[in-house]
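Structure file work_22.tsv with TSV, C-alpha atoms:
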```
chain	number	residue	atom	x	y	z
A	1446	MET	CA	9.97	8.61	15.00
A	1447	THR	CA	7.13	7.10	12.98
A	1448	ARG	CA	8.23	4.42	10.55
A	1449	HIS	CA	5.95	4.33	7.52
A	1450	VAL	CA	5.55	1.21	5.37
A	1451	LEU	CA	3.93	1.55	1.94
A	1452	VAL	CA	1.39	-1.25	1.49
A	1453	THR	CA	0.18	-1.69	-2.08
A	1454	GLY	CA	-3.20	-3.40	-2.16
A	1455	GLY	CA	-3.74	-2.47	1.49
A	1456	ALA	CA	-7.50	-2.22	0.92
A	1457	GLY	CA	-7.68	-5.87	-0.15
A	1458	TYR	CA	-8.07	-9.09	1.81
A	1459	ILE	CA	-4.47	-9.89	2.74
A	1460	GLY	CA	-3.24	-6.30	2.53
A	1461	SER	CA	-5.76	-5.02	5.08
A	1462	HIS	CA	-4.74	-7.73	7.54
A	1463	ALA	CA	-1.11	-6.81	6.94
A	1464	CYS	CA	-1.89	-3.18	7.74
A	1465	LYS	CA	-3.40	-4.18	11.07
A	1466	ALA	CA	-0.36	-6.33	11.87
A	1467	LEU	CA	1.99	-3.48	10.93
A	1468	ALA	CA	0.13	-1.06	13.20
A	1469	ARG	CA	0.34	-3.53	16.08
A	1470	ALA	CA	4.07	-3.91	15.42
A	1471	GLY	CA	4.64	-0.16	15.75
A	1472	PHE	CA	4.69	0.84	12.07
A	1473	MET	CA	2.36	3.22	10.25
A	1474	PRO	CA	0.92	1.45	7.19
A	1475	VAL	CA	0.24	3.73	4.22
A	1476	THR	CA	-2.19	2.02	1.85
A	1477	PHE	CA	-1.73	2.58	-1.89
A	1478	ASP	CA	-4.75	1.17	-3.72
A	1479	ASN	CA	-6.92	1.95	-6.74
A	1480	LEU	CA	-9.92	0.34	-4.98
A	1481	SER	CA	-10.75	-1.76	-8.05
A	1482	THR	CA	-11.03	-4.89	-5.91
A	1483	GLY	CA	-10.27	-3.52	-2.45
A	1484	TRP	CA	-12.60	-1.81	0.01
A	1485	ARG	CA	-12.30	1.70	1.41
A	1486	GLU	CA	-13.87	0.37	4.62
A	1487	ALA	CA	-10.90	-1.97	5.07
A	1488	VAL	CA	-8.41	0.89	5.41
A	1489	ARG	CA	-8.64	1.33	9.18
A	1490	PHE	CA	-5.08	1.33	10.44
A	1491	GLY	CA	-3.36	4.15	8.56
A	1492	PRO	CA	-3.85	6.63	5.71
A	1493	LEU	CA	-5.15	5.76	2.25
A	1494	GLU	CA	-3.46	7.08	-0.87
A	1495	GLU	CA	-5.62	6.35	-3.89
A	1496	GLY	CA	-3.66	5.64	-7.03
A	1497	ASP	CA	-2.71	3.08	-9.62
A	1498	LEU	CA	0.61	1.33	-10.13
A	1499	ALA	CA	0.31	2.18	-13.82
A	1500	ASP	CA	0.95	5.83	-12.84
A	1501	PRO	CA	4.63	6.29	-11.91
A	1502	VAL	CA	4.15	10.00	-11.19
A	1503	ARG	CA	1.49	9.24	-8.57
A	1504	ILE	CA	3.67	6.55	-7.01
A	1505	GLY	CA	6.55	9.00	-6.78
A	1506	GLU	CA	4.32	11.56	-5.05
A	1507	VAL	CA	3.41	9.02	-2.38
A	1508	PHE	CA	7.05	8.12	-1.74
A	1509	GLU	CA	7.91	11.82	-1.49
A	1510	ARG	CA	5.09	12.50	0.97
A	1511	TRP	CA	5.56	9.59	3.36
A	1512	ARG	CA	9.24	8.57	2.99
A	1513	PRO	CA	8.53	4.91	3.82
A	1514	VAL	CA	11.23	2.70	5.30
A	1515	ALA	CA	9.96	-0.29	3.31
A	1516	VAL	CA	7.37	-1.55	0.82
A	1517	MET	CA	4.94	-4.46	1.16
A	1518	HIS	CA	3.64	-5.28	-2.29
A	1519	PHE	CA	0.33	-7.15	-2.44
A	1520	ALA	CA	-1.48	-5.36	-5.29
A	1521	ALA	CA	-2.02	-7.66	-8.29
A	1522	LEU	CA	-4.56	-9.29	-10.54
A	1523	SER	CA	-4.75	-12.84	-9.23
A	1524	LEU	CA	-7.39	-15.00	-10.94
A	1525	VAL	CA	-5.72	-17.91	-12.71
A	1526	GLY	CA	-8.55	-18.58	-15.16
A	1527	ASP	CA	-8.84	-14.91	-16.06
A	1528	SER	CA	-5.08	-14.75	-16.64
A	1529	MET	CA	-5.35	-17.58	-19.16
A	1530	ARG	CA	-8.13	-15.80	-21.05
A	1531	ASP	CA	-6.44	-12.38	-21.06
A	1532	PRO	CA	-2.71	-12.74	-20.37
A	1533	GLY	CA	-1.86	-9.27	-21.64
A	1534	ARG	CA	-3.94	-7.68	-18.92
A	1535	TYR	CA	-1.96	-9.58	-16.26
A	1536	TRP	CA	1.43	-8.75	-17.72
A	1537	ARG	CA	0.53	-5.08	-17.98
A	1538	ALA	CA	-0.99	-4.73	-14.52
A	1539	ASN	CA	1.29	-6.99	-12.52
A	1540	VAL	CA	4.67	-6.69	-14.22
A	1541	PHE	CA	4.61	-3.09	-15.44
A	1542	GLY	CA	2.98	-2.02	-12.19
A	1543	ALA	CA	5.69	-3.71	-10.16
A	1544	LEU	CA	8.40	-2.17	-12.33
A	1545	ASN	CA	6.99	1.31	-11.70
A	1546	LEU	CA	6.85	0.59	-7.97
A	1547	ILE	CA	10.37	-0.83	-7.77
A	1548	GLU	CA	11.86	2.04	-9.73
A	1549	ALA	CA	10.10	4.58	-7.51
A	1550	ALA	CA	11.32	2.78	-4.38
A	1551	VAL	CA	14.91	2.77	-5.62
A	1552	ALA	CA	14.70	6.44	-6.61
A	1553	ALA	CA	13.44	7.29	-3.12
A	1554	GLY	CA	16.18	5.26	-1.43
A	1555	CYS	CA	13.60	2.82	-0.01
A	1556	LEU	CA	15.56	-0.40	-0.46
A	1557	ASP	CA	13.66	-2.93	1.69
A	1558	PHE	CA	10.89	-4.71	-0.21
A	1559	VAL	CA	8.53	-7.50	0.92
A	1560	PHE	CA	6.79	-9.19	-2.01
A	1561	SER	CA	3.67	-11.34	-1.96
A	1562	SER	CA	4.41	-13.96	-4.61
A	1563	THR	CA	2.70	-17.31	-5.19
A	1564	CYS	CA	3.30	-21.02	-5.47
A	1565	ALA	CA	1.72	-20.69	-8.93
A	1566	THR	CA	5.27	-19.87	-10.06
A	1567	TYR	CA	6.00	-23.61	-9.73
A	1568	GLY	CA	3.39	-24.61	-12.29
A	1569	ASP	CA	1.93	-28.11	-12.41
A	1570	GLN	CA	4.03	-30.10	-9.94
A	1571	ASP	CA	1.44	-32.44	-8.57
A	1572	GLY	CA	1.89	-34.53	-5.44
A	1573	VAL	CA	5.18	-33.14	-4.13
A	1574	ILE	CA	5.91	-30.82	-1.24
A	1575	LEU	CA	7.14	-27.61	-2.82
A	1576	THR	CA	10.15	-25.85	-1.33
A	1577	GLU	CA	12.10	-22.72	-2.13
A	1578	ASP	CA	14.47	-24.81	-4.27
A	1579	THR	CA	11.80	-26.52	-6.38
A	1580	PRO	CA	12.26	-25.48	-10.04
A	1581	GLN	CA	9.78	-22.84	-11.18
A	1582	ALA	CA	7.78	-23.47	-14.35
A	1583	PRO	CA	4.59	-21.35	-14.34
A	1584	ILE	CA	1.81	-22.49	-16.67
A	1585	ASN	CA	-0.39	-19.38	-16.71
A	1586	ALA	CA	0.04	-15.62	-16.96
A	1587	TYR	CA	-0.67	-15.09	-13.26
A	1588	GLY	CA	2.17	-17.36	-12.18
A	1589	GLY	CA	4.36	-16.09	-15.00
A	1590	SER	CA	3.86	-12.47	-14.02
A	1591	LYS	CA	4.75	-13.18	-10.40
A	1592	ARG	CA	7.85	-15.10	-11.45
A	1593	ALA	CA	8.87	-12.13	-13.63
A	1594	ILE	CA	8.58	-9.80	-10.63
A	1595	GLU	CA	10.75	-12.13	-8.57
A	1596	ASP	CA	13.39	-11.94	-11.32
A	1597	MET	CA	13.01	-8.17	-11.42
A	1598	LEU	CA	13.70	-7.92	-7.69
A	1599	THR	CA	16.82	-10.01	-8.12
A	1600	ASP	CA	18.04	-7.75	-10.93
A	1601	PHE	CA	17.44	-4.57	-8.95
A	1602	GLY	CA	19.16	-6.14	-5.99
A	1603	ALA	CA	22.27	-6.73	-8.08
A	1604	SER	CA	22.26	-3.26	-9.66
A	1605	HIS	CA	20.87	-0.99	-6.93
A	1606	GLY	CA	21.20	-2.89	-3.65
A	1607	LEU	CA	17.46	-3.50	-3.31
A	1608	ARG	CA	16.85	-6.07	-0.56
A	1609	SER	CA	13.78	-8.27	-0.88
A	1610	VAL	CA	11.92	-10.97	1.00
A	1611	ILE	CA	9.70	-13.02	-1.31
A	1612	PHE	CA	6.87	-15.15	0.09
A	1613	ARG	CA	5.32	-17.97	-1.95
A	1614	TYR	CA	2.08	-19.59	-0.79
A	1615	PHE	CA	-1.13	-21.16	-2.04
A	1616	ASN	CA	-4.51	-20.54	-0.40
A	1617	VAL	CA	-5.06	-17.98	2.33
A	1618	ALA	CA	-8.14	-18.38	4.50
A	1619	GLY	CA	-9.76	-17.14	7.67
A	1620	ALA	CA	-10.19	-13.60	8.91
A	1621	ASP	CA	-9.03	-11.24	11.60
A	1622	PRO	CA	-10.03	-12.95	14.89
A	1623	GLU	CA	-11.49	-9.61	16.04
A	1624	ALA	CA	-13.58	-9.35	12.84
A	1625	GLU	CA	-12.35	-5.85	11.97
A	1626	VAL	CA	-11.35	-6.95	8.46
A	1627	GLY	CA	-12.03	-10.10	6.49
A	1628	GLU	CA	-12.35	-11.79	3.11
A	1629	PHE	CA	-14.87	-10.45	0.63
A	1630	HIS	CA	-14.41	-10.53	-3.15
A	1631	GLN	CA	-16.67	-9.65	-6.04
A	1632	PRO	CA	-16.93	-12.08	-7.70
A	1633	GLU	CA	-16.07	-14.61	-5.01
A	1634	THR	CA	-13.85	-17.50	-6.14
A	1635	HIS	CA	-12.36	-18.88	-2.90
A	1636	LEU	CA	-13.64	-22.12	-1.40
A	1637	ILE	CA	-14.30	-21.13	2.20
A	1638	PRO	CA	-16.28	-17.92	1.58
A	1639	LEU	CA	-18.18	-19.73	-1.18
A	1640	LEU	CA	-19.26	-22.52	1.13
A	1641	LEU	CA	-20.13	-20.04	3.90
A	1642	ASP	CA	-22.33	-18.22	1.38
A	1643	ALA	CA	-24.02	-21.54	0.63
A	1644	ILE	CA	-24.54	-22.27	4.33
A	1645	SER	CA	-26.11	-18.86	4.93
A	1646	GLY	CA	-28.29	-18.96	1.80
A	1647	ARG	CA	-26.50	-16.22	-0.09
A	1648	ARG	CA	-25.94	-18.69	-2.94
A	1649	PRO	CA	-27.89	-21.88	-3.72
A	1650	ALA	CA	-25.02	-24.34	-3.35
A	1651	LEU	CA	-21.29	-24.86	-3.53
A	1652	THR	CA	-20.00	-26.69	-6.60
A	1653	VAL	CA	-17.37	-29.37	-5.96
A	1654	TYR	CA	-15.33	-29.63	-9.14
A	1655	GLY	CA	-14.27	-33.25	-9.50
A	1656	THR	CA	-14.85	-36.16	-7.13
A	1657	ASP	CA	-12.73	-38.84	-8.82
A	1658	TYR	CA	-9.21	-37.69	-7.97
A	1659	ALA	CA	-6.63	-40.10	-6.55
A	1660	THR	CA	-7.11	-38.88	-2.98
A	1661	PRO	CA	-8.73	-40.63	0.00
A	1662	ASP	CA	-12.11	-38.97	-0.63
A	1663	GLY	CA	-11.82	-38.25	-4.37
A	1664	THR	CA	-11.54	-34.45	-4.10
A	1665	CYS	CA	-8.54	-32.19	-4.64
A	1666	ILE	CA	-6.16	-31.39	-1.79
A	1667	ARG	CA	-4.84	-27.88	-1.29
A	1668	ASP	CA	-2.66	-26.13	1.25
A	1669	TYR	CA	-4.26	-23.40	3.39
A	1670	VAL	CA	-2.67	-20.80	5.67
A	1671	HIS	CA	-4.57	-18.60	8.10
A	1672	VAL	CA	-4.37	-14.98	7.00
A	1673	ALA	CA	-3.26	-13.93	10.49
A	1674	ASP	CA	-0.33	-16.37	10.34
A	1675	LEU	CA	0.49	-15.21	6.83
A	1676	VAL	CA	0.74	-11.54	7.75
A	1677	ASP	CA	2.76	-12.43	10.85
A	1678	ALA	CA	5.30	-13.92	8.44
A	1679	HIS	CA	5.31	-10.66	6.49
A	1680	ILE	CA	6.13	-8.71	9.67
A	1681	LEU	CA	8.94	-11.16	10.40
A	1682	GLY	CA	10.19	-10.76	6.83
A	1683	LEU	CA	10.11	-6.98	7.14
A	1684	ASN	CA	12.10	-7.08	10.35
A	1685	TRP	CA	14.53	-9.51	8.74
A	1686	LEU	CA	15.31	-6.86	6.14
A	1687	LEU	CA	15.38	-3.92	8.55
A	1688	GLU	CA	17.83	-5.84	10.74
A	1689	GLY	CA	20.24	-5.97	7.81
A	1690	HIS	CA	19.77	-9.49	6.47
A	1691	GLY	CA	19.98	-10.06	2.74
A	1692	SER	CA	17.36	-11.05	0.21
A	1693	ARG	CA	15.59	-14.35	0.80
A	1694	VAL	CA	12.72	-16.48	-0.51
A	1695	PHE	CA	10.35	-18.25	1.87
A	1696	CYS	CA	7.50	-20.70	1.22
A	1697	LEU	CA	4.55	-20.54	3.61
A	1698	GLY	CA	2.43	-23.66	3.96
A	1699	THR	CA	1.51	-26.60	6.16
A	1700	GLY	CA	3.03	-29.33	4.00
A	1701	SER	CA	-0.15	-31.41	4.22
A	1702	GLY	CA	-3.27	-29.64	2.97
A	1703	PHE	CA	-6.98	-30.39	3.12
A	1704	SER	CA	-9.37	-31.95	0.63
A	1705	VAL	CA	-12.52	-30.16	-0.48
A	1706	ARG	CA	-14.65	-32.69	1.39
A	1707	GLU	CA	-12.58	-32.17	4.54
A	1708	VAL	CA	-13.16	-28.42	4.32
A	1709	ILE	CA	-16.90	-29.00	3.87
A	1710	ALA	CA	-17.02	-31.36	6.86
A	1711	GLU	CA	-15.17	-28.88	9.07
A	1712	ALA	CA	-17.50	-26.06	8.01
A	1713	HIS	CA	-20.48	-28.21	9.01
A	1714	ALA	CA	-18.86	-28.91	12.40
A	1715	VAL	CA	-18.05	-25.25	13.07
A	1716	THR	CA	-21.40	-23.77	12.01
A	1717	ASN	CA	-23.63	-26.71	12.93
A	1718	ARG	CA	-25.34	-26.18	9.60
A	1719	PRO	CA	-25.39	-28.37	6.50
A	1720	VAL	CA	-23.33	-27.25	3.50
A	1721	PRO	CA	-25.45	-27.39	0.32
A	1722	PHE	CA	-23.24	-28.59	-2.52
A	1723	VAL	CA	-23.45	-30.20	-5.92
A	1724	GLU	CA	-20.86	-32.30	-7.69
A	1725	GLY	CA	-19.46	-30.97	-10.93
A	1726	GLU	CA	-16.92	-32.04	-13.50
A	1727	ARG	CA	-13.19	-31.52	-13.09
A	1728	ARG	CA	-11.89	-28.15	-14.20
A	1729	PRO	CA	-9.10	-28.16	-16.81
A	1730	GLY	CA	-5.69	-27.79	-15.22
A	1731	ASP	CA	-6.68	-28.65	-11.65
A	1732	ALA	CA	-3.97	-30.74	-9.98
A	1733	THR	CA	-4.71	-33.52	-7.51
A	1734	ARG	CA	-2.58	-32.29	-4.59
A	1735	LEU	CA	-0.72	-29.01	-4.20
A	1736	VAL	CA	1.07	-28.25	-0.94
A	1737	CYS	CA	4.20	-26.43	0.13
A	1738	GLY	CA	6.47	-26.59	3.15
A	1739	SER	CA	7.67	-23.82	5.45
A	1740	ALA	CA	10.77	-25.27	7.14
A	1741	ARG	CA	12.93	-22.32	6.11
A	1742	ALA	CA	10.47	-19.73	7.44
A	1743	VAL	CA	10.11	-21.62	10.71
A	1744	THR	CA	13.87	-22.02	11.16
A	1745	GLU	CA	15.16	-18.66	9.90
A	1746	LEU	CA	12.28	-16.28	10.65
A	1747	GLY	CA	10.92	-18.03	13.72
A	1748	TRP	CA	7.50	-18.27	12.08
A	1749	ASN	CA	4.87	-20.24	13.99
A	1750	PRO	CA	1.69	-20.87	11.95
A	1751	ASP	CA	-0.27	-22.09	14.97
A	1752	ARG	CA	-3.61	-20.69	13.76
A	1753	SER	CA	-3.47	-22.53	10.44
A	1754	THR	CA	-5.87	-25.29	11.42
A	1755	MET	CA	-8.99	-25.69	9.35
A	1756	ARG	CA	-11.10	-25.31	12.50
A	1757	ALA	CA	-9.56	-21.91	13.31
A	1758	MET	CA	-9.69	-20.69	9.72
A	1759	ILE	CA	-13.38	-21.50	9.30
A	1760	THR	CA	-14.30	-20.25	12.78
A	1761	ASP	CA	-12.74	-16.85	12.14
A	1762	ALA	CA	-14.13	-16.66	8.60
A	1763	TRP	CA	-17.62	-17.53	9.87
A	1764	ARG	CA	-17.43	-14.82	12.55
A	1765	TRP	CA	-16.52	-12.27	9.86
A	1766	HIS	CA	-19.20	-13.63	7.54
A	1767	GLN	CA	-21.86	-13.20	10.22
A	1768	SER	CA	-20.70	-9.66	10.98
A	1769	GLY	CA	-21.97	-8.52	7.59
A	1770	GLY	CA	-18.61	-7.70	6.02
A	1771	TYR	CA	-18.19	-4.52	4.02
A	1772	GLU	CA	-21.19	-4.54	1.68
A	1773	ARG	CA	-23.43	-7.40	2.68
```
Produce structure tokens that represent the structure in this file.
Amino acid sequence: MTRHVLVTGGAGYIGSHACKALARAGFMPVTFDNLSTGWREAVRFGPLEEGDLADPVRIGEVFERWRPVAVMHFAALSLVGDSMRDPGRYWRANVFGALNLIEAAVAAGCLDFVFSSTCATYGDQDGVILTEDTPQAPINAYGGSKRAIEDMLTDFGASHGLRSVIFRYFNVAGADPEAEVGEFHQPETHLIPLLLDAISGRRPALTVYGTDYATPDGTCIRDYVHVADLVDAHILGLNWLLEGHGSRVFCLGTGSGFSVREVIAEAHAVTNRPVPFVEGERRPGDATRLVCGSARAVTELGWNPDRSTMRAMITDAWRWHQSGGYER
């Protein structure tokens, strides 16, 4: 019997990789996406249901048609700066959208829910290794909206028996090693695709925001996880729920991180091309070092993030970049 999993945001970067992983694991991913930031070309591993999480009737129709055994919820607005300029948009899209989705899942008797959260729920906690028990104190509407959804899942667990696995992580990088799907945003805001654009001449140069931080090379340090490792964790989390385990929160990270200059140096080594960049001023709110651990995921889920080296992430991203992507 086919086991369907509803994947919101399945036409996006992480969601499309999750759909491929689900198909390989024997599930049928059903993508629910409004295609505002996702790509129709990325939906290659199961059916696409176009719709918006603001439309509870449409969500209910999709649950009725496919009868999914679980939900993987990736769909969200996710730009921190944008969330600070227009917080209402983030609360409406992320929180109200999630509420519609959760209520539809409960109504359909679909009580296993994997949620893509963020370490932005922790706020500005510079220089520590974040864990699942670190106090949450979001400082922008993006992090706040994700924290609200986490609370919502807890409430629906208490009242309706909804079981959830929540994943918190920082930066996702790399691409499908087979280059079927990859990372492409409009506009692009992520470091690795930006520097690959600079290497290939699609933009004049990368801007390095701040070179006077208290780090060995003066640039910020951030945690990165390979997208293939990340979606592997989501499959493990799904199976955790389907095997009857209770709700759980997991952080996904390396616990060390890479500086901007280290990422640039690795990109030069992988591509054998110089990375054009210019030095800019610090951006308001940028912390010096943000990393999280993953001991719980490794111990309890058996997660093994062996592809989350900067060499592997840039190699796979570069292969995707050279393939032409979706609309290059």
Pick from A:Leu1575, A:Ala1732, A:Ala1553, A:Ala1678: nearest to Arg1510 (chain A), with all atoms listed in the file counted?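 Using all atoms listed in the file, the shortest distance to Arg1510 (chain A) belongs to A:Ala1553.
Among the candidates A:Pro1721, A:Gly1471, A:Pro1622, A:Pro1632, the residue lying nearest to Ala1757 (chain A) is A:Pro1622 (atoms considered: all atoms listed in the file).
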Quick one: everything within 12 Å of Asp1677 (chain A), counting only C-alpha atoms, minus sequence neighbours fewer than 2 positions away in the same chain. Send it as a PyMOL selection string. chain A and resi 1459-1460+1462-1470+1612+1621+1670-1675+1679-1684+1697+1742-1743+1746-1753
Quick one: of A:Asp1761, A:Phe1490, A:Ser1561, A:Gly1526, who's nearest to Thr1453 (chain A), counting only C-alpha atoms? A:Ser1561
One number please: CA of Tyr1535 (chain A) to CA of Ile1611 (chain A), in Å, one decimal.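 So the two atoms, CA of Tyr1535 (chain A) and CA of Ile1611 (chain A), lie 19.3 Å apart.
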Of the candidates A:Ala1521, A:Ala1582, A:Val1475, A:Ala1543, which shows the shortest atom-to-atom distance to Leu1598 (chain A), using only C-alpha atoms?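 When distances to Leu1598 (chain A) are compared using only C-alpha atoms, the smallest one comes from A:Ala1543.
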Please indicate the distance in Å from CA of Ala1549 (chain A) to CA of His1630 (chain A), rounded to one decimal place.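 A separation of 29.1 Å between them.
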Excluding Arg1512 (chain A) and its own-chain neighbours fewer than 2 positions away, which residues fall within 9 Å of it when counting all atoms listed in the file? Please give them as a PyMOL selection string. chain A and resi 1448-1451+1507-1510+1514-1515+1553-1555
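Distance-wise, CA of His1518 (chain A) and CA of Phe1560 (chain A) end up 5.0 Å apart.
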Got a sec: who's within 8 Å of Ile1759 (chain A), counting all atoms listed in the file, leaving out chain neighbours fewer than 3 positions off, as a short mmCIF file (atom, residue, chain, number, x, y, z; two decimals) with C-alpha atoms, keeping the file's coordinate frame?
```cif
data_model
loop_
_atom_site.label_atom_id
_atom_site.label_comp_id
_atom_site.auth_asym_id
_atom_site.auth_seq_id
_atom_site.Cartn_x
_atom_site.Cartn_y
_atom_site.Cartn_z
CA ALA A 1618 -8.14 -18.38 4.50
CA GLY A 1619 -9.76 -17.14 7.67
CA ILE A 1637 -14.30 -21.13 2.20
CA GLU A 1711 -15.17 -28.88 9.07
CA ALA A 1712 -17.50 -26.06 8.01
CA VAL A 1715 -18.05 -25.25 13.07
CA MET A 1755 -8.99 -25.69 9.35
CA ARG A 1756 -11.10 -25.31 12.50
CA ALA A 1762 -14.13 -16.66 8.60
CA TRP A 1763 -17.62 -17.53 9.87
#
```
Just want the 8 Å neighbourhood of Val1736 (chain A), counted on all atoms listed in the file, with same-chain residues fewer than 2 positions away dropped. Output as a PyMOL selection string. chain A and resi 1572-1575+1615+1666-1668+1698-1702+1734+1738
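Of the listed residues (A:Asp1642, A:Glu1486, A:Glu1745, A:Glu1623), A:Asp1642 comes nearest to Arg1718 (chain A); the distances count all atoms listed in the file.
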Between A:Ile1584, A:Ala1603, A:Ala1624, A:Leu1556, which residue has the minimum interatomic distance to Asp1569 (chain A), considering all atoms listed in the file?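 Ranked by minimum distance to Asp1569 (chain A), first place goes to A:Ile1584.
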Atoms added to region 1599-1622 of chain A (N, CA and C atoms), reported as an mmCIF file, in the coordinates of the input:
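Heads up, here's the output in selection_6.cif:
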```cif
data_model
loop_
_atom_site.group_PDB
_atom_site.id
_atom_site.type_symbol
_atom_site.label_atom_id
_atom_site.label_comp_id
_atom_site.auth_asym_id
_atom_site.auth_seq_id
_atom_site.Cartn_x
_atom_site.Cartn_y
_atom_site.Cartn_z
ATOM 1 N N THR A 1599 15.439 -9.535 -8.115
ATOM 2 C CA THR A 1599 16.820 -10.010 -8.120
ATOM 3 C C THR A 1599 17.723 -9.073 -8.920
ATOM 4 N N ASP A 1600 17.251 -8.649 -10.087
ATOM 5 C CA ASP A 1600 18.040 -7.750 -10.930
ATOM 6 C C ASP A 1600 18.295 -6.413 -10.247
ATOM 7 N N PHE A 1601 17.261 -5.853 -9.628
ATOM 8 C CA PHE A 1601 17.440 -4.570 -8.950
ATOM 9 C C PHE A 1601 18.262 -4.711 -7.676
ATOM 10 N N GLY A 1602 18.270 -5.901 -7.111
ATOM 11 C CA GLY A 1602 19.160 -6.140 -5.990
ATOM 12 C C GLY A 1602 20.613 -6.102 -6.415
ATOM 13 N N ALA A 1603 20.894 -6.700 -7.570
ATOM 14 C CA ALA A 1603 22.270 -6.730 -8.080
ATOM 15 C C ALA A 1603 22.740 -5.352 -8.510
ATOM 16 N N SER A 1604 21.833 -4.545 -9.094
ATOM 17 C CA SER A 1604 22.260 -3.260 -9.660
ATOM 18 C C SER A 1604 22.121 -2.085 -8.703
ATOM 19 N N HIS A 1605 21.142 -2.151 -7.775
ATOM 20 C CA HIS A 1605 20.870 -0.990 -6.930
ATOM 21 C C HIS A 1605 20.867 -1.312 -5.426
ATOM 22 N N GLY A 1606 21.166 -2.541 -5.060
ATOM 23 C CA GLY A 1606 21.200 -2.890 -3.650
ATOM 24 C C GLY A 1606 19.829 -3.065 -3.018
ATOM 25 N N LEU A 1607 18.796 -3.264 -3.844
ATOM 26 C CA LEU A 1607 17.460 -3.500 -3.310
ATOM 27 C C LEU A 1607 17.441 -4.848 -2.584
ATOM 28 N N ARG A 1608 16.946 -4.843 -1.365
ATOM 29 C CA ARG A 1608 16.850 -6.070 -0.560
ATOM 30 C C ARG A 1608 15.385 -6.523 -0.546
ATOM 31 N N SER A 1609 15.164 -7.799 -0.787
ATOM 32 C CA SER A 1609 13.780 -8.270 -0.880
ATOM 33 C C SER A 1609 13.585 -9.572 -0.119
ATOM 34 N N VAL A 1610 12.414 -9.696 0.479
ATOM 35 C CA VAL A 1610 11.920 -10.970 1.000
ATOM 36 C C VAL A 1610 10.712 -11.337 0.157
ATOM 37 N N ILE A 1611 10.750 -12.519 -0.425
ATOM 38 C CA ILE A 1611 9.700 -13.020 -1.310
ATOM 39 C C ILE A 1611 8.993 -14.172 -0.601
ATOM 40 N N PHE A 1612 7.666 -14.080 -0.506
ATOM 41 C CA PHE A 1612 6.870 -15.150 0.090
ATOM 42 C C PHE A 1612 6.044 -15.835 -0.991
ATOM 43 N N ARG A 1613 6.134 -17.173 -1.037
ATOM 44 C CA ARG A 1613 5.320 -17.970 -1.950
ATOM 45 C C ARG A 1613 4.361 -18.826 -1.129
ATOM 46 N N TYR A 1614 3.076 -18.810 -1.515
ATOM 47 C CA TYR A 1614 2.080 -19.590 -0.790
ATOM 48 C C TYR A 1614 0.894 -19.854 -1.691
ATOM 49 N N PHE A 1615 0.063 -20.808 -1.269
ATOM 50 C CA PHE A 1615 -1.130 -21.160 -2.040
ATOM 51 C C PHE A 1615 -2.349 -20.403 -1.520
ATOM 52 N N ASN A 1616 -3.214 -21.093 -0.788
ATOM 53 C CA ASN A 1616 -4.510 -20.540 -0.400
ATOM 54 C C ASN A 1616 -4.450 -19.895 0.980
ATOM 55 N N VAL A 1617 -4.957 -18.694 1.062
ATOM 56 C CA VAL A 1617 -5.060 -17.980 2.330
ATOM 57 C C VAL A 1617 -6.516 -18.003 2.749
ATOM 58 N N ALA A 1618 -6.762 -18.237 4.031
ATOM 59 C CA ALA A 1618 -8.140 -18.380 4.500
ATOM 60 C C ALA A 1618 -8.273 -17.755 5.881
ATOM 61 N N GLY A 1619 -9.513 -17.707 6.364
ATOM 62 C CA GLY A 1619 -9.760 -17.140 7.670
ATOM 63 C C GLY A 1619 -9.963 -15.641 7.614
ATOM 64 N N ALA A 1620 -9.986 -15.037 8.783
ATOM 65 C CA ALA A 1620 -10.190 -13.600 8.910
ATOM 66 C C ALA A 1620 -9.585 -13.138 10.215
ATOM 67 N N ASP A 1621 -9.463 -11.852 10.352
ATOM 68 C CA ASP A 1621 -9.030 -11.240 11.600
ATOM 69 C C ASP A 1621 -9.863 -11.796 12.749
ATOM 70 N N PRO A 1622 -9.242 -12.384 13.783
ATOM 71 C CA PRO A 1622 -10.030 -12.950 14.890
ATOM 72 C C PRO A 1622 -10.947 -11.939 15.567
#
```
